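Source file: model_16.pdb; contents: PDB, C-alpha atoms.
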```
ATOM      1  CA  MET K  11      11.893   3.120  -6.948
ATOM      2  CA  ILE K  12       8.179   2.589  -7.528
ATOM      3  CA  LYS K  13       6.681   6.032  -8.216
ATOM      4  CA  GLN K  14       4.327   6.798  -5.374
ATOM      5  CA  GLY K  15       2.643  10.022  -4.403
ATOM      6  CA  ALA K  16      -0.522  11.895  -3.493
ATOM      7  CA  GLN K  17      -2.685  13.767  -6.002
ATOM      8  CA  PHE K  18      -5.315  16.448  -5.344
ATOM      9  CA  GLY K  19      -6.699  17.883  -8.572
ATOM     10  CA  SER K  20      -3.637  18.588 -10.737
ATOM     11  CA  LEU K  21      -1.321  18.823  -7.708
ATOM     12  CA  TRP K  22       0.943  15.773  -7.322
ATOM     13  CA  PHE K  23       3.703  15.483  -4.744
ATOM     14  CA  PRO K  24       5.876  12.647  -3.399
ATOM     15  CA  TRP K  25       3.958  11.559  -0.310
ATOM     16  CA  VAL K  26       2.539   8.081   0.241
ATOM     17  CA  VAL K  27      -0.696   8.075   2.241
ATOM     18  CA  ALA K  28      -0.445   4.798   4.134
ATOM     19  CA  SER K  29      -3.670   5.523   6.035
ATOM     20  CA  TYR K  30      -6.176   8.293   6.730
ATOM     21  CA  GLY K  31      -8.035   8.277  10.061
ATOM     22  CA  PRO K  32      -8.798  10.532  11.687
ATOM     23  CA  TYR K  33      -7.324   8.818  14.752
ATOM     24  CA  ARG K  34      -8.036   9.188  18.417
ATOM     25  CA  SER K  35      -4.804   9.493  20.383
ATOM     26  CA  GLU K  36      -5.577   6.310  22.323
ATOM     27  CA  ASN K  37      -5.932   4.395  19.042
ATOM     28  CA  ILE K  38      -2.366   5.143  17.940
ATOM     29  CA  GLU K  39      -0.429   2.337  19.622
ATOM     30  CA  SER K  40       3.359   2.497  19.646
ATOM     31  CA  PHE K  41       5.930  -0.129  20.604
ATOM     32  CA  TYR K  42       9.705   0.082  20.973
ATOM     33  CA  ARG K  43      12.688  -2.235  20.534
ATOM     34  CA  PRO K  44      15.713  -0.833  22.406
ATOM     35  CA  ASP K  45      18.416  -2.332  20.174
ATOM     36  CA  GLU K  46      19.538  -0.524  17.022
ATOM     37  CA  PRO K  47      18.995  -2.729  13.955
ATOM     38  CA  PRO K  48      22.097  -3.701  11.932
ATOM     39  CA  TYR K  49      23.004  -1.833   8.746
ATOM     40  CA  PRO K  50      24.999  -2.816   5.645
ATOM     41  CA  PRO K  51      28.789  -2.273   5.940
ATOM     42  CA  GLU K  52      28.862   0.594   3.436
ATOM     43  CA  ILE K  53      26.376   2.552   5.539
ATOM     44  CA  ASP K  54      28.384   1.980   8.701
ATOM     45  CA  ARG K  55      31.490   3.220   6.876
ATOM     46  CA  GLU K  56      29.677   6.334   5.697
ATOM     47  CA  LEU K  57      28.536   6.981   9.258
ATOM     48  CA  GLU K  58      32.101   6.701  10.587
ATOM     49  CA  ASP K  59      33.358   9.104   7.917
ATOM     50  CA  LEU K  60      30.598  11.610   8.645
ATOM     51  CA  ALA K  61      31.198  11.508  12.408
ATOM     52  CA  ALA K  62      34.941  12.041  11.888
ATOM     53  CA  ASP K  63      34.336  14.984   9.555
ATOM     54  CA  ILE K  64      31.889  16.650  11.965
ATOM     55  CA  ALA K  65      34.279  16.111  14.881
ATOM     56  CA  ALA K  66      37.081  17.761  12.891
ATOM     57  CA  ARG K  67      34.878  20.722  11.993
ATOM     58  CA  ALA K  68      33.793  21.100  15.610
ATOM     59  CA  GLY K  69      37.459  21.093  16.618
ATOM     60  CA  ARG K  70      37.965  24.101  14.337
ATOM     61  CA  GLY K  71      35.150  25.958  16.046
ATOM     62  CA  GLU K  72      32.640  25.588  13.221
ATOM     63  CA  GLU K  73      28.905  25.261  13.820
ATOM     64  CA  VAL K  74      28.009  21.591  13.397
ATOM     65  CA  PRO K  75      24.847  19.486  13.808
ATOM     66  CA  TRP K  76      24.140  17.450  16.919
ATOM     67  CA  ASP K  77      23.702  13.688  16.630
ATOM     68  CA  GLY K  78      20.267  13.626  18.239
ATOM     69  CA  PRO K  79      18.733  10.318  19.401
ATOM     70  CA  GLY K  80      15.753   9.606  17.173
ATOM     71  CA  TYR K  81      13.257   6.881  16.338
ATOM     72  CA  LYS K  82      13.342   4.516  13.368
ATOM     73  CA  LEU K  83      10.020   3.129  12.168
ATOM     74  CA  VAL K  84      10.514  -0.596  11.541
ATOM     75  CA  GLN K  85       6.988  -1.980  11.146
ATOM     76  CA  PHE K  86       3.351  -0.855  11.099
ATOM     77  CA  HIS K  87      -0.171  -1.979  10.357
ATOM     78  CA  VAL K  88      -3.171   0.187   9.546
ATOM     79  CA  SER K  89      -6.041  -2.207   8.865
ATOM     80  CA  SER K  90      -7.500  -2.850  12.324
ATOM     81  CA  ARG K  91     -10.326  -1.106  14.186
ATOM     82  CA  ALA K  92     -10.943  -0.257  17.846
ATOM     83  CA  GLY K  93     -14.069  -0.376  20.017
ATOM     84  CA  GLU K  94     -17.722  -0.748  19.193
ATOM     85  CA  ALA K  95     -17.586   2.285  16.931
ATOM     86  CA  GLU K  96     -14.797   0.582  14.936
ATOM     87  CA  ASP K  97     -12.596   3.665  15.057
ATOM     88  CA  SER K  98      -9.430   3.630  12.945
ATOM     89  CA  ARG K  99      -6.472   2.082  14.775
ATOM     90  CA  LEU K 100      -2.803   2.573  13.918
ATOM     91  CA  VAL K 101      -0.048   0.316  15.281
ATOM     92  CA  LEU K 102       3.576   1.436  15.004
ATOM     93  CA  HIS K 103       6.809  -0.339  15.951
ATOM     94  CA  PHE K 104      10.020   1.625  16.506
ATOM     95  CA  ALA K 105      13.712   1.061  17.124
ATOM     96  CA  ARG K 106      16.508   3.517  17.806
ATOM     97  CA  THR K 107      18.306   5.642  15.255
ATOM     98  CA  THR K 108      20.225   8.915  15.214
ATOM     99  CA  TYR K 109      20.358  12.144  13.255
ATOM    100  CA  PHE K 110      23.743  11.246  11.736
ATOM    101  CA  ARG K 111      22.356   7.877  10.600
ATOM    102  CA  MET K 112      19.583   9.786   8.855
ATOM    103  CA  LEU K 113      22.132  12.029   7.137
ATOM    104  CA  VAL K 114      24.034   9.066   5.641
ATOM    105  CA  THR K 115      20.936   7.154   4.490
ATOM    106  CA  ASP K 116      17.715   9.110   3.911
ATOM    107  CA  GLN K 117      19.635  12.228   2.839
ATOM    108  CA  ARG K 118      22.144  10.382   0.607
ATOM    109  CA  LEU K 119      19.965   7.965  -1.285
ATOM    110  CA  ASP K 120      21.246   9.166  -4.650
ATOM    111  CA  VAL K 121      24.920   9.764  -3.814
ATOM    112  CA  PRO K 122      27.135   7.295  -5.758
ATOM    113  CA  LEU K 123      29.019   4.747  -3.631
ATOM    114  CA  THR K 124      31.701   2.331  -4.784
ATOM    115  CA  SER K 125      32.164  -1.162  -3.367
ATOM    116  CA  GLY K 126      33.965  -4.123  -4.935
ATOM    117  CA  GLY K 127      34.583  -2.163  -8.109
ATOM    118  CA  ARG K 128      30.876  -1.407  -8.611
ATOM    119  CA  THR K 129      29.257   2.017  -8.317
ATOM    120  CA  TYR K 130      25.663   2.267  -7.104
ATOM    121  CA  THR K 131      23.343   4.359  -4.959
ATOM    122  CA  LEU K 132      21.492   3.348  -1.814
ATOM    123  CA  ARG K 133      18.219   3.896  -3.661
ATOM    124  CA  GLU K 134      19.241   1.514  -6.442
ATOM    125  CA  ARG K 135      20.434  -1.164  -4.059
ATOM    126  CA  TYR K 136      17.827  -1.034  -1.308
ATOM    127  CA  ALA K 137      14.808   1.110  -2.230
ATOM    128  CA  SER K 138      14.209   0.684  -5.958
ATOM    129  CA  GLN K 139      11.258  -1.695  -5.477
ATOM    130  CA  ALA K 140      10.048  -0.491  -2.084
ATOM    131  CA  ASP K 141       6.325  -0.037  -1.501
ATOM    132  CA  LEU K 142       6.198   2.339   1.472
ATOM    133  CA  ARG K 143       2.484   1.698   1.963
ATOM    134  CA  ILE K 144       3.425  -1.785   3.177
ATOM    135  CA  ALA K 145       6.703  -1.473   5.084
ATOM    136  CA  PRO K 146       9.711   0.808   5.697
ATOM    137  CA  VAL K 147      13.045   0.193   3.985
ATOM    138  CA  PRO K 148      15.091  -1.556   6.729
ATOM    139  CA  GLU K 149      18.487  -0.402   5.448
ATOM    140  CA  LEU K 150      17.555   3.277   5.904
ATOM    141  CA  ALA K 151      17.050   5.414   8.997
ATOM    142  CA  THR K 152      13.303   5.726   8.186
ATOM    143  CA  HIS K 153      13.299   8.861  10.319
ATOM    144  CA  TRP K 154      10.086   9.611  12.239
ATOM    145  CA  GLY K 155       8.461  13.018  12.706
ATOM    146  CA  ILE K 156       5.097  14.717  13.093
ATOM    147  CA  GLY K 157       3.653  17.629  11.141
ATOM    148  CA  LEU K 158       0.780  19.788  12.354
ATOM    149  CA  SER K 159      -1.306  22.341  10.523
ATOM    150  CA  VAL K 160      -2.604  25.130  12.751
ATOM    151  CA  VAL K 161      -6.002  26.772  12.240
ATOM    152  CA  THR K 162      -6.341  29.967  14.254
ATOM    153  CA  ALA K 163      -9.309  31.553  16.006
ATOM    154  CA  ASP K 164      -9.611  34.059  13.146
ATOM    155  CA  ARG K 165      -9.729  31.220  10.587
ATOM    156  CA  GLN K 166      -6.205  31.484   9.252
ATOM    157  CA  LEU K 167      -4.126  28.469   8.231
ATOM    158  CA  LEU K 168      -0.511  28.841   9.367
ATOM    159  CA  VAL K 169       2.413  27.676   7.215
ATOM    160  CA  SER K 170       6.072  28.103   8.143
ATOM    161  CA  GLN K 171       9.071  28.828   5.963
ATOM    162  CA  ARG K 172      12.214  27.335   7.436
ATOM    163  CA  GLY K 173      15.237  29.434   8.228
ATOM    164  CA  ASN K 174      18.808  28.677   7.222
ATOM    165  CA  THR K 175      18.764  25.142   8.648
ATOM    166  CA  ALA K 176      21.107  22.287   7.821
ATOM    167  CA  VAL K 177      19.205  20.219   5.247
ATOM    168  CA  ASP K 178      16.083  22.157   4.249
ATOM    169  CA  PRO K 179      16.808  25.914   4.166
ATOM    170  CA  PHE K 180      13.943  28.247   3.180
ATOM    171  CA  VAL K 181      11.575  25.403   2.259
ATOM    172  CA  PHE K 182       7.935  25.702   3.354
ATOM    173  CA  PHE K 183       6.904  23.278   6.111
ATOM    174  CA  PRO K 184       3.838  22.610   8.243
ATOM    175  CA  ALA K 185       3.201  25.254  10.896
ATOM    176  CA  MET K 186       4.803  22.835  13.350
ATOM    177  CA  ALA K 187       7.202  20.092  12.246
ATOM    178  CA  GLU K 188       9.079  18.103  14.862
ATOM    179  CA  GLY K 189      11.308  15.057  14.829
ATOM    180  CA  ALA K 190      10.706  12.547  17.609
ATOM    181  CA  SER K 191      13.478  12.500  20.226
ATOM    182  CA  ARG K 192      14.226   9.483  22.405
ATOM    183  CA  HIS K 193      15.581  11.894  24.986
ATOM    184  CA  HIS K 194      12.516  14.160  25.182
ATOM    185  CA  ASP K 195       9.532  12.184  23.920
ATOM    186  CA  ALA K 196       9.713   8.601  25.206
ATOM    187  CA  ALA K 197       6.612   7.123  26.826
ATOM    188  CA  ALA K 198       6.887   4.616  29.677
ATOM    189  CA  ASN K 199       7.479   1.748  27.226
ATOM    190  CA  GLY K 200      10.216   3.673  25.389
ATOM    191  CA  ALA K 201       8.119   4.383  22.278
ATOM    192  CA  PRO K 202       7.413   7.943  21.130
ATOM    193  CA  ASP K 203       4.537   9.730  22.893
ATOM    194  CA  HIS K 204       2.963  11.576  19.978
ATOM    195  CA  ASP K 205       0.743  13.882  22.020
ATOM    196  CA  HIS K 206       3.854  14.905  23.946
ATOM    197  CA  ILE K 207       5.790  15.561  20.717
ATOM    198  CA  ALA K 208       2.921  17.712  19.457
ATOM    199  CA  ALA K 209       2.719  19.720  22.681
ATOM    200  CA  ARG K 210       6.506  20.167  22.838
ATOM    201  CA  GLY K 211       6.724  21.254  19.218
ATOM    202  CA  MET K 212       3.888  23.768  19.522
ATOM    203  CA  ARG K 213       5.482  25.227  22.642
ATOM    204  CA  GLU K 214       9.034  25.346  21.260
ATOM    205  CA  GLU K 215       8.273  26.513  17.710
ATOM    206  CA  LEU K 216       5.166  28.695  18.182
ATOM    207  CA  GLY K 217       5.158  29.521  21.896
ATOM    208  CA  ILE K 218       1.633  28.209  22.546
ATOM    209  CA  GLU K 219       0.124  25.314  24.468
ATOM    210  CA  ILE K 220      -2.274  22.699  23.114
ATOM    211  CA  GLU K 221      -5.498  22.632  25.094
ATOM    212  CA  PRO K 222      -7.651  19.474  25.474
ATOM    213  CA  GLY K 223      -9.635  18.752  22.316
ATOM    214  CA  GLN K 224      -7.580  21.028  20.050
ATOM    215  CA  LEU K 225      -5.434  18.277  18.473
ATOM    216  CA  THR K 226      -6.768  15.915  15.776
ATOM    217  CA  TRP K 227      -4.553  13.209  14.251
ATOM    218  CA  LEU K 228      -5.412  12.924  10.562
ATOM    219  CA  SER K 229      -3.139  10.508   8.709
ATOM    220  CA  PHE K 230       0.048   8.484   8.504
ATOM    221  CA  GLY K 231       2.427   8.172   5.567
ATOM    222  CA  ALA K 232       5.863   8.696   4.082
ATOM    223  CA  ASN K 233       7.908  10.963   1.851
ATOM    224  CA  SER K 234       8.337   8.691  -1.169
ATOM    225  CA  VAL K 235      11.670  10.251  -2.185
ATOM    226  CA  LEU K 236      13.383  10.104   1.219
ATOM    227  CA  CYS K 237      11.477   7.045   2.532
ATOM    228  CA  GLU K 238      10.864   8.951   5.793
ATOM    229  CA  TYR K 239       7.605   8.462   7.692
ATOM    230  CA  GLY K 240       5.452  10.843   9.664
ATOM    231  CA  LEU K 241       2.186  11.404  11.488
ATOM    232  CA  ILE K 242      -0.006  14.281  10.306
ATOM    233  CA  GLY K 243      -2.445  16.308  12.411
ATOM    234  CA  ARG K 244      -4.187  19.638  12.870
ATOM    235  CA  VAL K 245      -4.481  21.978  15.835
ATOM    236  CA  ASP K 246      -7.458  24.328  16.235
ATOM    237  CA  THR K 247      -6.263  27.052  18.570
ATOM    238  CA  ASP K 248      -8.232  29.767  20.344
ATOM    239  CA  MET K 249      -5.462  32.273  19.548
ATOM    240  CA  THR K 250      -5.400  34.510  16.487
ATOM    241  CA  ALA K 251      -2.596  34.505  13.934
ATOM    242  CA  ALA K 252      -1.382  37.887  15.218
ATOM    243  CA  GLU K 253      -1.313  36.659  18.820
ATOM    244  CA  ILE K 254       0.738  33.607  17.828
ATOM    245  CA  GLU K 255       3.193  35.774  15.883
ATOM    246  CA  ILE K 256       3.700  37.949  18.970
ATOM    247  CA  ARG K 257       4.364  34.855  21.094
ATOM    248  CA  ARG K 258       6.741  33.445  18.507
ATOM    249  CA  THR K 259       8.834  36.576  18.103
ATOM    250  CA  THR K 260       9.141  37.705  21.725
ATOM    251  CA  GLY K 261      10.969  34.705  23.186
ATOM    252  CA  ALA K 262       8.065  32.453  24.187
ATOM    253  CA  ALA K 263       9.036  30.076  21.355
ATOM    254  CA  GLU K 264      12.613  29.030  22.116
ATOM    255  CA  ASP K 265      13.083  27.453  18.677
ATOM    256  CA  SER K 266      11.573  30.329  16.710
ATOM    257  CA  TRP K 267      14.906  30.599  14.864
ATOM    258  CA  GLU K 268      13.916  27.489  12.880
ATOM    259  CA  THR K 269      11.219  29.528  11.111
ATOM    260  CA  ARG K 270      12.189  32.364   8.804
ATOM    261  CA  GLN K 271       8.582  33.498   8.454
ATOM    262  CA  LEU K 272       5.180  32.264   9.617
ATOM    263  CA  HIS K 273       2.529  32.838   6.966
ATOM    264  CA  ALA K 274      -1.205  33.156   7.667
ATOM    265  CA  ILE K 275      -3.566  32.136   4.832
ATOM    266  CA  PRO K 276      -7.376  32.498   4.877
ATOM    267  CA  PHE K 277      -8.621  28.981   5.619
ATOM    268  CA  SER K 278     -10.413  28.068   2.409
ATOM    269  CA  PRO K 279      -9.392  25.802  -0.503
ATOM    270  CA  PRO K 280      -9.267  28.634  -3.118
ATOM    271  CA  ASP K 281      -7.170  30.917  -0.882
ATOM    272  CA  VAL K 282      -4.759  28.132  -0.012
ATOM    273  CA  ALA K 283      -4.475  27.133  -3.681
ATOM    274  CA  ARG K 284      -3.527  30.709  -4.610
ATOM    275  CA  PHE K 285      -0.869  30.826  -1.878
ATOM    276  CA  LEU K 286       0.667  27.505  -2.885
ATOM    277  CA  SER K 287       0.829  28.426  -6.577
ATOM    278  CA  GLU K 288       3.208  31.372  -6.035
ATOM    279  CA  ARG K 289       6.310  30.287  -7.975
ATOM    280  CA  SER K 290       8.813  31.812  -5.543
ATOM    281  CA  ARG K 291       7.666  29.369  -2.833
ATOM    282  CA  ASN K 292       9.145  25.882  -2.518
ATOM    283  CA  PHE K 293       7.079  23.405  -0.487
ATOM    284  CA  SER K 294       8.059  20.177   1.203
ATOM    285  CA  ALA K 295       5.834  17.155   0.657
ATOM    286  CA  PHE K 296       5.459  17.183   4.454
ATOM    287  CA  ALA K 297       3.880  20.646   4.304
ATOM    288  CA  LEU K 298       1.625  19.760   1.390
ATOM    289  CA  ILE K 299       0.164  16.620   2.965
ATOM    290  CA  ALA K 300      -0.468  18.458   6.248
ATOM    291  CA  ILE K 301      -2.181  21.293   4.383
ATOM    292  CA  MET K 302      -4.229  19.079   2.061
ATOM    293  CA  HIS K 303      -5.421  16.668   4.744
ATOM    294  CA  THR K 304      -6.418  19.586   6.972
ATOM    295  CA  LEU K 305      -8.431  21.043   4.103
ATOM    296  CA  MET K 306      -9.933  17.628   3.368
ATOM    297  CA  HIS K 307     -10.899  17.160   7.016
ATOM    298  CA  GLU K 308     -12.696  20.534   6.996
ATOM    299  CA  PHE K 309     -14.122  20.879   3.478
ATOM    300  CA  GLY K 310     -14.126  17.403   1.900
ATOM    301  CA  ILE K 311     -12.246  16.023  -1.080
ATOM    302  CA  ALA K 312     -14.521  17.462  -3.804
ATOM    303  CA  ALA K 313     -13.873  21.064  -2.716
ATOM    304  CA  ILE K 314     -10.123  20.456  -2.772
ATOM    305  CA  GLU K 315     -10.189  18.822  -6.214
ATOM    306  CA  ALA K 316     -12.104  21.823  -7.562
ATOM    307  CA  ALA K 317      -9.737  24.383  -6.002
ATOM    308  CA  PHE K 318      -6.633  22.533  -7.213
ATOM    309  CA  ALA K 319      -7.942  21.542 -10.633
ATOM    310  CA  ASP K 320      -5.282  23.622 -12.403
ATOM    311  CA  VAL K 321      -2.687  24.500  -9.759
ATOM    312  CA  ASP K 322       1.066  24.130 -10.208
ATOM    313  CA  VAL K 323       3.170  24.053  -7.019
ATOM    314  CA  SER K 324       6.947  24.004  -6.624
ATOM    315  CA  VAL K 325       7.844  20.941  -4.536
ATOM    316  CA  SER K 326      11.114  20.157  -2.762
ATOM    317  CA  ASP K 327      11.786  16.407  -2.677
ATOM    318  CA  LEU K 328      14.664  16.654  -0.234
ATOM    319  CA  ALA K 329      13.085  18.207   2.860
ATOM    320  CA  THR K 330      12.992  16.013   5.954
ATOM    321  CA  THR K 331       9.939  15.123   8.014
ATOM    322  CA  GLY K 332      10.600  17.507  10.847
ATOM    323  CA  GLN K 333      14.090  16.474  11.915
ATOM    324  CA  GLU K 334      15.927  18.900  14.175
ATOM    325  CA  THR K 335      18.680  20.542  12.156
ATOM    326  CA  ALA K 336      20.650  22.562  14.690
TER     327      ALA K 336
END
```

Let me see the structure of the file written as structure tokens.
Amino acid sequence: MIKQGAQFGSLWFPWVVASYGPYRSENIESFYRPDEPPYPPEIDRELEDLAADIAARAGRGEEVPWDGPGYKLVQFHVSSRAGEAEDSRLVLHFARTTYFRMLVTDQRLDVPLTSGGRTYTLRERYASQADLRIAPVPELATHWGIGLSVVTADRQLLVSQRGNTAVDPFVFFPAMAEGASRHHDAAANGAPDHDHIAARGMREELGIEIEPGQLTWLSFGANSVLCEYGLIGRVDTDMTAAEIEIRRTTGAAEDSWETRQLHAIPFSPPDVARFLSERSRNFSAFALIAIMHTLMHEFGIAAIEAAFADVDVSVSDLATTGQETA
């Protein structure tokens, strides 16, 4: 696959920045095709095998994942503008997919498959020449999620470390990472309502509400290892880090189990650089792009390049873009 990533100072990680806004919510236009696109036969076979295995495990009383109804990004364009001010405009087209489909494509890109006497991987066959800045890989689930950094009233940047979840245990993520659900998040036209996803995720994972004017959409891009896309934003809350931790740990956040620990970092490029460089911490590309674009939005690119001029960060390539993992 074409090597693509984002670089800030010496920090490189596998995230393709397809566009940087910031975007007004009304300038992110989403469309939906209700039919699931076709997949190659080997992927359909893998899906059948996975579903049978999970059904068997469930029959034995084991804890198994749920095949949640998600969104597959199939097309986008980022070059147009809106209104007299020529604000950035983002147009996204979606179809249906599922969590299990994601598990047998995005999460198994490098697992050897055999067909007709030939062994290959999905990455070799379908994604080796993909340029994710231009289009998704149609043979994959191209799972869709949103990641939000949270800046608190006492000027702390929140970062979450996942719990013992199915595909990304103990990896550091944005303060709020949520996969889009067709069941919970569909707008009137069937496409994902991103403001609704953000509000739901903040409520379920942190136990707080987003007030008008607190949410800023920053950028759009993809994990260049998994070929999964996401929308990145920041929330500026009027609550302190301690107040959010109390909400999160006393039952107000029903999905608080997804987060092993919520970390509060002084909101400055040097402080964030020191936190990220701790070798015991393993960060998803999703977390890093949310953190870096939030810093860039606040302090500018030059301050980030200076703070990260000689910073080494441990990066996990295999963390999803916010998919539910229960």

Could you tell me, as number ranges by chain, exactly which residues end up selected when the PyMOL selection byres ((chain K and resi 182-190) around 7) is applied to this structure? K: 80-81, 154-160, 168-172, 180-181, 191-192, 195, 202, 207, 211-212, 215, 292-294, 296-297, 300, 331-334

Closest contacts (range 242-288 of chain K/range 17-34 of chain K, max 10 Å, all atoms listed in the file) as CSV:
```
residue,atom,partner,partner_atom,distance
K:Ile242,CA,K:Tyr30,CA,9.3
K:Gly243,CA,K:Pro32,CA,8.6
K:Ala283,CA,K:Leu21,CA,9.8
K:Ser287,CA,K:Leu21,CA,9.9
```

Result set of the PyMOL selection byres ((chain K and resi 224) around 8) on the coordinates above, as a short mmCIF file (atom, residue, chain, number, x, y, z; two decimals) with C-alpha atoms, in the coordinates of the input:
```
data_model
loop_
_atom_site.label_atom_id
_atom_site.label_comp_id
_atom_site.auth_asym_id
_atom_site.auth_seq_id
_atom_site.Cartn_x
_atom_site.Cartn_y
_atom_site.Cartn_z
CA ILE K 220 -2.27 22.70 23.11
CA GLU K 221 -5.50 22.63 25.09
CA PRO K 222 -7.65 19.47 25.47
CA GLY K 223 -9.64 18.75 22.32
CA LEU K 225 -5.43 18.28 18.47
CA THR K 226 -6.77 15.92 15.78
CA VAL K 245 -4.48 21.98 15.84
CA ASP K 246 -7.46 24.33 16.24
CA THR K 247 -6.26 27.05 18.57
#
```

Around the point (9.2, 1.8, 13.0), in the coordinates given by the file, pick out the residues reaching within 8 Å, counting only C-alpha atoms, and return them as an mmCIF file with C-alpha atoms, in the coordinates of the input.
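Result file point15.cif:
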```cif
data_model
loop_
_atom_site.group_PDB
_atom_site.id
_atom_site.type_symbol
_atom_site.label_atom_id
_atom_site.label_comp_id
_atom_site.auth_asym_id
_atom_site.auth_seq_id
_atom_site.Cartn_x
_atom_site.Cartn_y
_atom_site.Cartn_z
ATOM 1 C CA TYR K 81 13.257 6.881 16.338
ATOM 2 C CA LYS K 82 13.342 4.516 13.368
ATOM 3 C CA LEU K 83 10.020 3.129 12.168
ATOM 4 C CA VAL K 84 10.514 -0.596 11.541
ATOM 5 C CA GLN K 85 6.988 -1.980 11.146
ATOM 6 C CA PHE K 86 3.351 -0.855 11.099
ATOM 7 C CA LEU K 102 3.576 1.436 15.004
ATOM 8 C CA HIS K 103 6.809 -0.339 15.951
ATOM 9 C CA PHE K 104 10.020 1.625 16.506
ATOM 10 C CA ALA K 105 13.712 1.061 17.124
ATOM 11 C CA PRO K 146 9.711 0.808 5.697
ATOM 12 C CA THR K 152 13.303 5.726 8.186
ATOM 13 C CA TRP K 154 10.086 9.611 12.239
#
```

Coordinates-based distance that separates CA of Asp322 in chain K from CA of His303 in chain K (Å, one decimal): 17.9 Å

For the PyMOL selection byres ((chain K and resi 162) around 7), applied here, can you spell out every residue it catches as a list of chain:residue names? K:Val160, K:Val161, K:Ala163, K:Asp164, K:Arg165, K:Gln166, K:Leu167, K:Asp246, K:Thr247, K:Asp248, K:Met249, K:Thr250, K:Ala251

Residue nearest Ser35 in chain K - candidates K:Glu255, K:Asp97, K:Glu56, K:Asp77, atoms counted: all atoms listed in the file: K:Asp97

Two-atom distance - CA of Arg291 in chain K, CA of Ala252 in chain K (Å):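 Between CA of Arg291 in chain K and CA of Ala252 in chain K the gap is 21.9 Å.
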